[in-house]
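Source file: start28.cif; contents: mmCIF, C-alpha atoms.
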```cif
data_data
#
loop_
_atom_site.label_atom_id
_atom_site.label_comp_id
_atom_site.auth_asym_id
_atom_site.auth_seq_id
_atom_site.Cartn_x
_atom_site.Cartn_y
_atom_site.Cartn_z
CA MET A 8 112.06 89.33 138.64
CA LYS A 9 115.52 88.35 139.74
CA LYS A 10 117.34 86.06 137.30
CA LEU A 11 119.86 83.78 138.96
CA ALA A 12 123.33 83.01 137.62
CA LEU A 13 124.06 79.48 136.49
CA GLY A 14 124.46 77.23 139.47
CA VAL A 15 123.44 79.86 142.03
CA VAL A 16 120.09 78.98 143.53
CA SER A 17 119.24 80.12 147.06
CA THR A 18 117.12 77.10 147.82
CA VAL A 19 117.47 73.67 149.36
CA ALA A 20 117.32 70.61 147.12
CA VAL A 21 114.51 68.22 148.02
CA SER A 22 113.80 64.97 146.12
CA GLY A 23 115.39 66.23 142.93
CA LEU A 24 113.33 69.44 142.91
CA VAL A 25 113.88 72.49 145.12
CA ALA A 26 111.78 73.71 148.00
CA CYS A 27 112.07 76.90 149.98
CA GLY A 28 113.01 76.14 153.57
CA GLY A 29 110.06 76.72 155.87
CA ALA A 30 107.86 78.16 153.10
CA ASP A 31 104.51 76.86 151.91
CA GLU A 32 105.41 77.18 148.21
CA ASP A 33 107.74 75.07 146.12
CA VAL A 34 110.56 76.71 144.16
CA LEU A 35 111.09 75.41 140.65
CA SER A 36 114.29 76.36 138.81
CA VAL A 37 113.91 76.23 135.02
CA GLY A 38 116.63 76.90 132.45
CA ALA A 39 115.58 78.61 129.23
CA THR A 40 116.87 80.57 126.26
CA ASN A 41 115.87 84.23 126.24
CA VAL A 42 113.28 84.37 123.47
CA PRO A 43 110.66 83.06 123.50
CA HIS A 44 111.16 80.51 126.28
CA ALA A 45 112.10 82.80 129.16
CA GLU A 46 109.44 85.32 128.10
CA VAL A 47 106.77 82.62 128.15
CA LEU A 48 107.92 81.49 131.59
CA GLU A 49 107.85 85.08 132.85
CA PHE A 50 104.26 85.42 131.70
CA ALA A 51 103.38 82.12 133.39
CA GLU A 52 105.12 83.04 136.65
CA PRO A 53 102.15 84.65 138.47
CA ILE A 54 99.84 81.83 137.36
CA LEU A 55 102.26 79.31 138.85
CA GLU A 56 102.41 81.31 142.08
CA GLU A 57 98.66 80.83 142.39
CA GLU A 58 99.36 77.09 142.20
CA GLY A 59 101.92 77.31 145.02
CA ILE A 60 105.05 77.24 142.82
CA ARG A 61 107.63 80.02 142.79
CA LEU A 62 109.58 80.06 139.55
CA ASN A 63 113.31 80.75 139.23
CA ILE A 64 114.26 81.31 135.58
CA GLN A 65 117.87 80.87 134.51
CA THR A 66 118.67 82.06 130.99
CA PHE A 67 121.20 80.54 128.59
CA ASN A 68 122.58 81.60 125.21
CA ASP A 69 124.47 78.37 124.49
CA TYR A 70 122.51 75.26 123.51
CA ALA A 71 125.13 73.00 125.10
CA LEU A 72 124.59 74.30 128.64
CA PRO A 73 120.93 73.78 129.69
CA ASN A 74 121.03 69.98 129.52
CA MET A 75 124.39 69.94 131.28
CA ALA A 76 123.00 72.19 134.01
CA LEU A 77 119.98 69.90 134.33
CA VAL A 78 122.08 66.75 134.72
CA GLU A 79 124.34 68.50 137.24
CA GLU A 80 121.23 69.47 139.29
CA GLU A 81 121.78 73.20 138.89
CA ILE A 82 118.24 73.48 137.54
CA ASP A 83 115.14 71.30 137.90
CA ALA A 84 113.95 71.44 134.30
CA ASN A 85 114.74 73.16 131.04
CA TYR A 86 112.68 74.65 128.25
CA PHE A 87 114.72 75.47 125.15
CA GLN A 88 115.04 72.49 122.82
CA HIS A 89 113.06 70.62 120.20
CA ILE A 90 112.69 66.85 120.21
CA PRO A 91 115.37 65.90 117.64
CA PHE A 92 117.97 68.02 119.47
CA PHE A 93 116.89 66.47 122.79
CA GLU A 94 117.26 62.96 121.36
CA SER A 95 120.64 63.75 119.81
CA GLU A 96 121.91 65.05 123.18
CA ILE A 97 120.88 61.83 124.90
CA GLU A 98 122.58 59.77 122.21
CA SER A 99 125.82 61.77 122.16
CA GLU A 100 126.15 62.63 125.87
CA GLY A 101 124.33 59.75 127.57
CA TYR A 102 122.15 62.11 129.62
CA ASP A 103 119.48 60.57 131.84
CA ILE A 104 116.82 63.13 130.96
CA VAL A 105 113.23 62.70 129.80
CA ASN A 106 110.73 64.61 127.69
CA GLU A 107 107.81 65.62 129.89
CA GLY A 108 105.79 67.28 127.13
CA GLY A 109 105.71 69.71 124.22
CA ILE A 110 104.75 73.38 124.55
CA HIS A 111 105.32 75.21 121.27
CA LEU A 112 106.80 75.14 117.80
CA GLU A 113 109.18 77.71 116.28
CA PRO A 114 109.08 77.57 112.46
CA ILE A 115 112.57 77.96 111.00
CA GLY A 116 113.00 80.70 108.39
CA LEU A 117 115.05 81.45 105.28
CA TYR A 118 116.46 85.00 105.18
CA SER A 119 118.24 87.02 102.51
CA GLN A 120 119.49 90.60 102.22
CA ASP A 121 119.83 90.44 98.44
CA HIS A 122 116.91 88.34 97.23
CA ASP A 123 113.18 88.87 97.71
CA SER A 124 112.24 85.35 96.67
CA LEU A 125 113.80 81.91 96.50
CA ASP A 126 113.20 82.14 92.75
CA ASP A 127 115.85 84.90 92.65
CA LEU A 128 118.66 82.77 94.04
CA PRO A 129 121.60 82.62 91.60
CA GLU A 130 123.50 79.52 90.58
CA GLY A 131 126.13 78.71 93.20
CA ALA A 132 124.26 80.65 95.92
CA ASP A 133 125.82 80.45 99.39
CA VAL A 134 123.56 78.94 102.07
CA ILE A 135 124.57 79.50 105.69
CA MET A 136 123.00 77.23 108.28
CA SER A 137 123.40 75.93 111.82
CA ASP A 138 126.17 73.55 112.79
CA SER A 139 123.61 71.64 114.88
CA VAL A 140 123.24 68.22 113.29
CA ALA A 141 119.72 68.03 114.73
CA ASP A 142 118.70 71.05 112.64
CA GLN A 143 120.37 70.16 109.37
CA GLY A 144 117.87 67.53 108.25
CA ARG A 145 115.08 69.96 109.07
CA ILE A 146 116.69 72.67 106.93
CA LEU A 147 117.39 70.37 104.01
CA MET A 148 113.82 69.07 104.08
CA LEU A 149 112.56 72.66 103.95
CA LEU A 150 114.81 73.40 100.97
CA GLU A 151 113.52 70.23 99.30
CA GLU A 152 109.92 71.30 99.90
CA GLU A 153 110.77 74.62 98.24
CA GLY A 154 112.04 72.75 95.18
CA LEU A 155 115.68 73.77 95.59
CA LEU A 156 117.10 70.27 95.94
CA THR A 157 116.24 66.60 96.14
CA LEU A 158 117.28 64.33 99.01
CA ALA A 159 117.91 60.61 98.95
CA GLU A 160 114.75 58.63 99.51
CA GLY A 161 114.03 58.13 103.20
CA ALA A 162 116.68 60.57 104.42
CA GLY A 163 114.07 62.49 106.43
CA ILE A 164 114.99 64.52 109.50
CA ASP A 165 118.37 62.76 109.74
CA ALA A 166 119.44 64.05 106.32
CA THR A 167 122.88 65.61 105.86
CA ILE A 168 124.47 67.42 102.95
CA GLU A 169 125.78 64.04 101.78
CA ASP A 170 122.15 62.96 101.22
CA ILE A 171 121.57 65.60 98.53
CA GLU A 172 120.98 63.78 95.25
CA GLU A 173 119.98 66.71 93.04
CA ASN A 174 121.18 70.29 93.48
CA PRO A 175 120.23 72.12 90.27
CA LEU A 176 121.45 75.53 91.48
CA ASP A 177 124.69 74.04 92.80
CA LEU A 178 123.95 75.58 96.22
CA GLN A 179 127.06 75.95 98.36
CA PHE A 180 126.49 75.06 102.01
CA GLN A 181 128.29 76.56 104.99
CA ASP A 182 127.14 74.41 107.90
CA ASN A 183 129.67 75.33 110.60
CA VAL A 184 127.98 78.39 112.12
CA SER A 185 126.67 78.35 115.68
CA ALA A 186 122.89 78.84 115.69
CA ASP A 187 123.10 81.95 117.87
CA MET A 188 125.47 83.59 115.35
CA LEU A 189 123.15 83.17 112.36
CA PRO A 190 121.37 86.54 112.79
CA GLN A 191 124.77 88.26 112.72
CA ALA A 192 125.67 86.38 109.53
CA TYR A 193 122.42 87.67 108.04
CA GLU A 194 122.98 91.26 109.18
CA ASN A 195 126.53 91.12 107.76
CA ASN A 196 125.13 89.76 104.47
CA GLU A 197 127.56 86.86 104.54
CA GLY A 198 125.49 84.58 102.30
CA ASP A 199 122.73 84.58 99.71
CA LEU A 200 120.54 82.64 102.12
CA VAL A 201 120.79 82.37 105.91
CA VAL A 202 118.63 79.83 107.75
CA ILE A 203 117.74 81.08 111.24
CA ASN A 204 115.89 79.44 114.13
CA SER A 205 112.94 81.64 115.14
CA ASN A 206 114.08 82.04 118.75
CA PHE A 207 117.38 83.58 117.64
CA ALA A 208 115.63 85.63 114.95
CA LEU A 209 113.23 87.09 117.52
CA ASP A 210 116.05 87.73 119.97
CA ALA A 211 117.85 89.71 117.24
CA GLY A 212 114.80 91.85 116.52
CA LEU A 213 113.75 90.03 113.34
CA ASN A 214 110.14 89.17 112.58
CA PRO A 215 110.21 85.64 111.14
CA LEU A 216 106.93 86.10 109.28
CA GLU A 217 107.78 89.48 107.77
CA ASP A 218 111.57 89.36 107.37
CA SER A 219 112.05 85.83 106.03
CA ILE A 220 111.54 85.05 102.36
CA SER A 221 110.24 81.59 103.25
CA ILE A 222 109.25 79.91 106.51
CA GLU A 223 108.66 76.34 107.61
CA PRO A 224 105.02 75.19 107.82
CA ALA A 225 103.79 75.04 111.41
CA ASP A 226 101.54 72.00 111.18
CA GLU A 227 100.69 69.26 113.63
CA ASP A 228 103.02 66.79 111.93
CA ASN A 229 106.10 68.95 112.50
CA PRO A 230 108.47 66.99 114.80
CA TYR A 231 110.35 70.06 116.04
CA VAL A 232 108.18 70.78 119.07
CA ASN A 233 109.93 72.55 121.95
CA ILE A 234 109.62 70.57 125.17
CA ILE A 235 110.06 70.60 128.93
CA ALA A 236 112.89 68.24 129.92
CA VAL A 237 113.71 66.92 133.41
CA ARG A 238 116.08 64.40 134.97
CA GLY A 239 114.91 60.81 134.79
CA GLU A 240 114.47 60.67 138.55
CA ASP A 241 111.93 63.53 138.39
CA GLU A 242 109.77 62.04 135.67
CA GLY A 243 106.12 62.46 136.63
CA SER A 244 106.85 65.12 139.28
CA GLU A 245 103.72 66.92 140.46
CA ASP A 246 105.37 70.35 140.18
CA ILE A 247 106.53 69.65 136.61
CA ALA A 248 103.05 68.44 135.69
CA THR A 249 101.66 71.71 137.05
CA LEU A 250 104.22 73.71 135.07
CA ILE A 251 103.21 71.94 131.85
CA ASP A 252 99.50 72.36 132.57
CA VAL A 253 100.03 76.10 133.05
CA LEU A 254 102.15 76.46 129.91
CA ARG A 255 99.46 74.64 127.92
CA SER A 256 96.65 76.68 129.48
CA GLU A 257 94.43 78.86 127.32
CA GLU A 258 95.82 81.99 128.97
CA VAL A 259 99.45 81.16 128.11
CA GLN A 260 98.56 79.89 124.63
CA GLU A 261 96.78 83.17 123.89
CA PHE A 262 99.86 85.08 125.08
CA ILE A 263 102.07 83.10 122.70
CA ILE A 264 99.72 83.69 119.77
CA GLU A 265 99.34 87.42 120.42
CA GLU A 266 102.94 88.13 121.42
CA TYR A 267 104.65 86.34 118.52
CA ASP A 268 102.01 86.61 115.80
CA GLY A 269 102.68 83.19 114.28
CA ALA A 270 106.47 83.14 114.73
CA VAL A 271 105.90 80.89 117.75
CA VAL A 272 102.97 78.45 117.67
CA PRO A 273 101.51 76.71 120.75
CA VAL A 274 100.87 73.00 120.44
CA GLU A 275 98.06 70.90 121.84
CA GLU A 276 98.72 67.40 123.10
#
```
Output the file's structure as C-alpha cells, nothing else.
Amino acid sequence: MKKLALGVVSTVAVSGLVACGGADEDVLSVGATNVPHAEVLEFAEPILEEEGIRLNIQTFNDYALPNMALVEEEIDANYFQHIPFFESEIESEGYDIVNEGGIHLEPIGLYSQDHDSLDDLPEGADVIMSDSVADQGRILMLLEEEGLLTLAEGAGIDATIEDIEENPLDLQFQDNVSADMLPQAYENNEGDLVVINSNFALDAGLNPLEDSISIEPADEDNPYVNIIAVRGEDEGSEDIATLIDVLRSEEVQEFIIEEYDGAVVPVEE
C-alpha cells in the first residue's frame, strides 16, 4: 500500500472529505502513528474497500502534527490520540475538531533495566516520563496506585508533580522527554524507571506485557481511549461512521487482540 507524504493527496476535496474524481468509491485520508494505529488501519483497509471506501493512510511520528494536518485539511480524520490529549489540544490550540468515537486503549507501562520490581526501587530513584501534560496525571495516578506516592485529594487525571503530597522514596522526576524518545531513554538506561506509552514501546520492539515491570489496568473506566477525530464540519459524516463501524467490528477487534496480546485493548461503546 502506498503511503502518502504529509499534505500530498492525489484526490479532489469534496464536502470536507475526499472523493476520487469519476470513481464509484470514496477516498478517505486518515493520519495515524505507526504502531498500532496505522497497522490497525492497514488491516481494516480491504474491509473498507468492500464498503466503497478507499483508505489513504498518512503516518506521523510527532504528536503535534496530526491535529494540525486535520485542521489544515491535509487529512480527513486522525487516529492516534487519547481523549485527555485531544481535549488539551482543543483547549491550547483552539482546534475545531470533534471526537467521533473510541477504538482502543493502550495501557501505559513502567520499564526498568536495573530493577525487576517496583519494590526494588532505591530512595531517590530517577523517573523519566513524557513531557505531555495530558499524560502526566495518568502516570502519577498509576504510581499512586502502585503505592509509590500520594496525590492531593481530587487531583485526578489533571495531576502534576506539584500535586504530590507524599513521596516516601523521594522519587526524582524528569518530565521533559518527548514521548517518542522514551524507548531510547530506556535502552540507554537513563533512569531507574521509564514510563512509556504502549504505541511507542511496540514501535521500538518492546512487549509491554513482558518487558514492563508494571502496567496500567485496562478496564472500562480508563479514560485514555484512543479515538477517531474529525473536523467539526465533518461531524456525523457517513464515511467516518463506516470507518468507525469497521474498526469496531468483530474482525478488527480480534486482530487487535491477537496481534498485540493485551498491549492494545479494543473498546466497546
With a cut-off of 9 Å, could you pull out the residues of region 196-239 of chain A touching region 72-81 of chain A and give me the nearest pair of atoms for each, distance in Å to one decimal, using all atoms listed in the file, ordered by chain and ascending number, as CSV?
```
residue,atom,partner,partner_atom,distance
A:Ala236,CA,A:Asn74,CA,8.3
A:Val237,CA,A:Leu77,CA,7.0
A:Arg238,CA,A:Val78,CA,6.4
```
Task: Output of the PyMOL selection byres ((chain A and resi 123) around 12), listed as a ChimeraX atom specification - done: /A:117-122,124-128,199-200,217-221
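If all atoms listed in the file are the atoms counted, then among A:Ala166, A:Ile234, A:Val134, A:Leu176 the closest residue to Leu189 (chain A) is A:Val134.
The residue that comes closest to Pro43 (chain A), out of A:Leu149, A:Ile264, A:Ile64, A:Leu209 and on the basis of only C-alpha atoms, is A:Leu209.
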TODO: Spell out the residues picked by the PyMOL selection byres ((chain A and resi 112) around 6) here, as a list of chain:residue names.
DONE: A:His111, A:Glu113, A:Val232, A:Asn233, A:Val271, A:Val272
- [ ] Mind checking which residues fall within 12 Å of Tyr231 (chain A), counting all atoms listed in the file, ignoring those fewer than 2 positions away in the same chain, and posting them as number ranges by chain?
- [x] A: 87-94, 109-115, 141-142, 144-146, 164, 204-205, 223-229, 233-234, 271-272, 274
Task: Atom-to-atom span, CA of Gly239 (chain A) and CA of Val105 (chain A), Å - done: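 So the answer is 5.6 Å.
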- [ ] Quick one: pull the distance between CA of Glu266 (chain A) and CA of Gln143 (chain A), Å, one decimal.
- [x] 27.8 Å
Open item on the list: Please expand the PyMOL selection byres ((chain A and resi 83) around 6) into the concrete residues it hits in this file, giving the result as number ranges by chain.
Closed with: A: 24, 36-37, 82, 84
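With CA of Pro175 (chain A) on one side and CA of Glu153 (chain A) on the other, the separation reads 12.6 Å.
Using all atoms listed in the file, the shortest contact distance between Asn63 (chain A) and any of A:Asp103, A:Glu275, A:Asp33, A:Glu173 is found at A:Asp33.
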Task: Nearest residue to Leu213 (chain A) from the set A:Tyr267, A:Ala248, A:Gly101, A:Glu261 (distances using all atoms listed in the file) - done: A:Tyr267
- [ ] Pick out the closest residue to Asn174 (chain A) from this set: A:Glu151, A:Glu194, A:Asp187, A:Glu258. Count all atoms listed in the file.
- [x]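 Among A:Glu151, A:Glu194, A:Asp187, A:Glu258, it is A:Glu151 that comes nearest to Asn174 (chain A).
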TODO: Kindly indicate which residue among A:Asn206, A:Ser137, A:Gln65, A:Asn214 lies nearest to Ala192 (chain A), using only C-alpha atoms for the distances.
DONE: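 Nearest candidate to Ala192 (chain A) out of A:Asn206, A:Ser137, A:Gln65, A:Asn214: A:Ser137.
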Enclose the full set of atoms of region 67-73 of chain A listed in the file within a box whose edges lie along x, y and z, apply 6 Å of padding to each of the six sides, and report centre and edge lengths in Å to one decimal as JSON.
```
{"center_x": 123.0, "center_y": 77.3, "center_z": 126.6, "size_x": 16.2, "size_y": 20.6, "size_z": 18.2}
```
Missing atoms in region 216-234 of chain A should be modelled up to N, CA, C and O atoms and reported as an mmCIF file, in the frame of the given file.
```
data_model
loop_
_atom_site.group_PDB
_atom_site.id
_atom_site.type_symbol
_atom_site.label_atom_id
_atom_site.label_comp_id
_atom_site.auth_asym_id
_atom_site.auth_seq_id
_atom_site.Cartn_x
_atom_site.Cartn_y
_atom_site.Cartn_z
ATOM 1 N N LEU A 216 107.966 86.107 110.305
ATOM 2 C CA LEU A 216 106.930 86.100 109.280
ATOM 3 C C LEU A 216 107.138 87.193 108.241
ATOM 4 O O LEU A 216 106.841 87.004 107.064
ATOM 5 N N GLU A 217 107.638 88.346 108.677
ATOM 6 C CA GLU A 217 107.780 89.480 107.770
ATOM 7 C C GLU A 217 109.163 89.571 107.132
ATOM 8 O O GLU A 217 109.291 90.022 105.979
ATOM 9 N N ASP A 218 110.197 89.163 107.861
ATOM 10 C CA ASP A 218 111.570 89.360 107.370
ATOM 11 C C ASP A 218 112.119 88.172 106.595
ATOM 12 O O ASP A 218 113.067 88.332 105.818
ATOM 13 N N SER A 219 111.563 86.993 106.784
ATOM 14 C CA SER A 219 112.050 85.830 106.030
ATOM 15 C C SER A 219 111.438 85.844 104.636
ATOM 16 O O SER A 219 110.376 86.426 104.406
ATOM 17 N N ILE A 220 112.111 85.180 103.697
ATOM 18 C CA ILE A 220 111.540 85.050 102.360
ATOM 19 C C ILE A 220 110.827 83.703 102.205
ATOM 20 O O ILE A 220 110.144 83.473 101.217
ATOM 21 N N SER A 221 110.991 82.838 103.188
ATOM 22 C CA SER A 221 110.240 81.590 103.250
ATOM 23 C C SER A 221 110.322 81.079 104.677
ATOM 24 O O SER A 221 111.329 81.293 105.362
ATOM 25 N N ILE A 222 109.259 80.417 105.143
ATOM 26 C CA ILE A 222 109.250 79.910 106.510
ATOM 27 C C ILE A 222 108.616 78.528 106.547
ATOM 28 O O ILE A 222 107.725 78.206 105.745
ATOM 29 N N GLU A 223 109.100 77.722 107.457
ATOM 30 C CA GLU A 223 108.660 76.340 107.610
ATOM 31 C C GLU A 223 107.184 76.267 107.990
ATOM 32 O O GLU A 223 106.720 77.043 108.825
ATOM 33 N N PRO A 224 106.423 75.349 107.416
ATOM 34 C CA PRO A 224 105.020 75.190 107.820
ATOM 35 C C PRO A 224 104.925 74.771 109.286
ATOM 36 O O PRO A 224 105.692 73.921 109.749
ATOM 37 N N ALA A 225 103.999 75.377 109.998
ATOM 38 C CA ALA A 225 103.790 75.040 111.410
ATOM 39 C C ALA A 225 102.541 74.162 111.502
ATOM 40 O O ALA A 225 101.469 74.613 111.889
ATOM 41 N N ASP A 226 102.690 72.892 111.137
ATOM 42 C CA ASP A 226 101.540 72.000 111.180
ATOM 43 C C ASP A 226 101.734 70.946 112.265
ATOM 44 O O ASP A 226 102.797 70.812 112.864
ATOM 45 N N GLU A 227 100.690 70.194 112.505
ATOM 46 C CA GLU A 227 100.690 69.260 113.630
ATOM 47 C C GLU A 227 101.645 68.090 113.427
ATOM 48 O O GLU A 227 101.994 67.395 114.380
ATOM 49 N N ASP A 228 102.102 67.888 112.199
ATOM 50 C CA ASP A 228 103.020 66.790 111.930
ATOM 51 C C ASP A 228 104.479 67.200 112.090
ATOM 52 O O ASP A 228 105.377 66.364 111.962
ATOM 53 N N ASN A 229 104.731 68.473 112.356
ATOM 54 C CA ASN A 229 106.100 68.950 112.500
ATOM 55 C C ASN A 229 106.725 68.341 113.760
ATOM 56 O O ASN A 229 106.168 68.482 114.855
ATOM 57 N N PRO A 230 107.881 67.663 113.635
ATOM 58 C CA PRO A 230 108.470 66.990 114.800
ATOM 59 C C PRO A 230 109.280 67.916 115.701
ATOM 60 O O PRO A 230 109.749 67.471 116.759
ATOM 61 N N TYR A 231 109.413 69.193 115.318
ATOM 62 C CA TYR A 231 110.350 70.060 116.040
ATOM 63 C C TYR A 231 109.669 70.857 117.150
ATOM 64 O O TYR A 231 109.867 72.058 117.312
ATOM 65 N N VAL A 232 108.872 70.156 117.933
ATOM 66 C CA VAL A 232 108.180 70.780 119.070
ATOM 67 C C VAL A 232 109.169 71.029 120.202
ATOM 68 O O VAL A 232 110.001 70.180 120.525
ATOM 69 N N ASN A 233 109.088 72.204 120.805
ATOM 70 C CA ASN A 233 109.930 72.550 121.950
ATOM 71 C C ASN A 233 109.298 71.992 123.225
ATOM 72 O O ASN A 233 108.091 72.150 123.448
ATOM 73 N N ILE A 234 110.120 71.394 124.059
ATOM 74 C CA ILE A 234 109.620 70.570 125.170
ATOM 75 C C ILE A 234 110.157 71.040 126.526
ATOM 76 O O ILE A 234 111.101 71.822 126.609
#
```
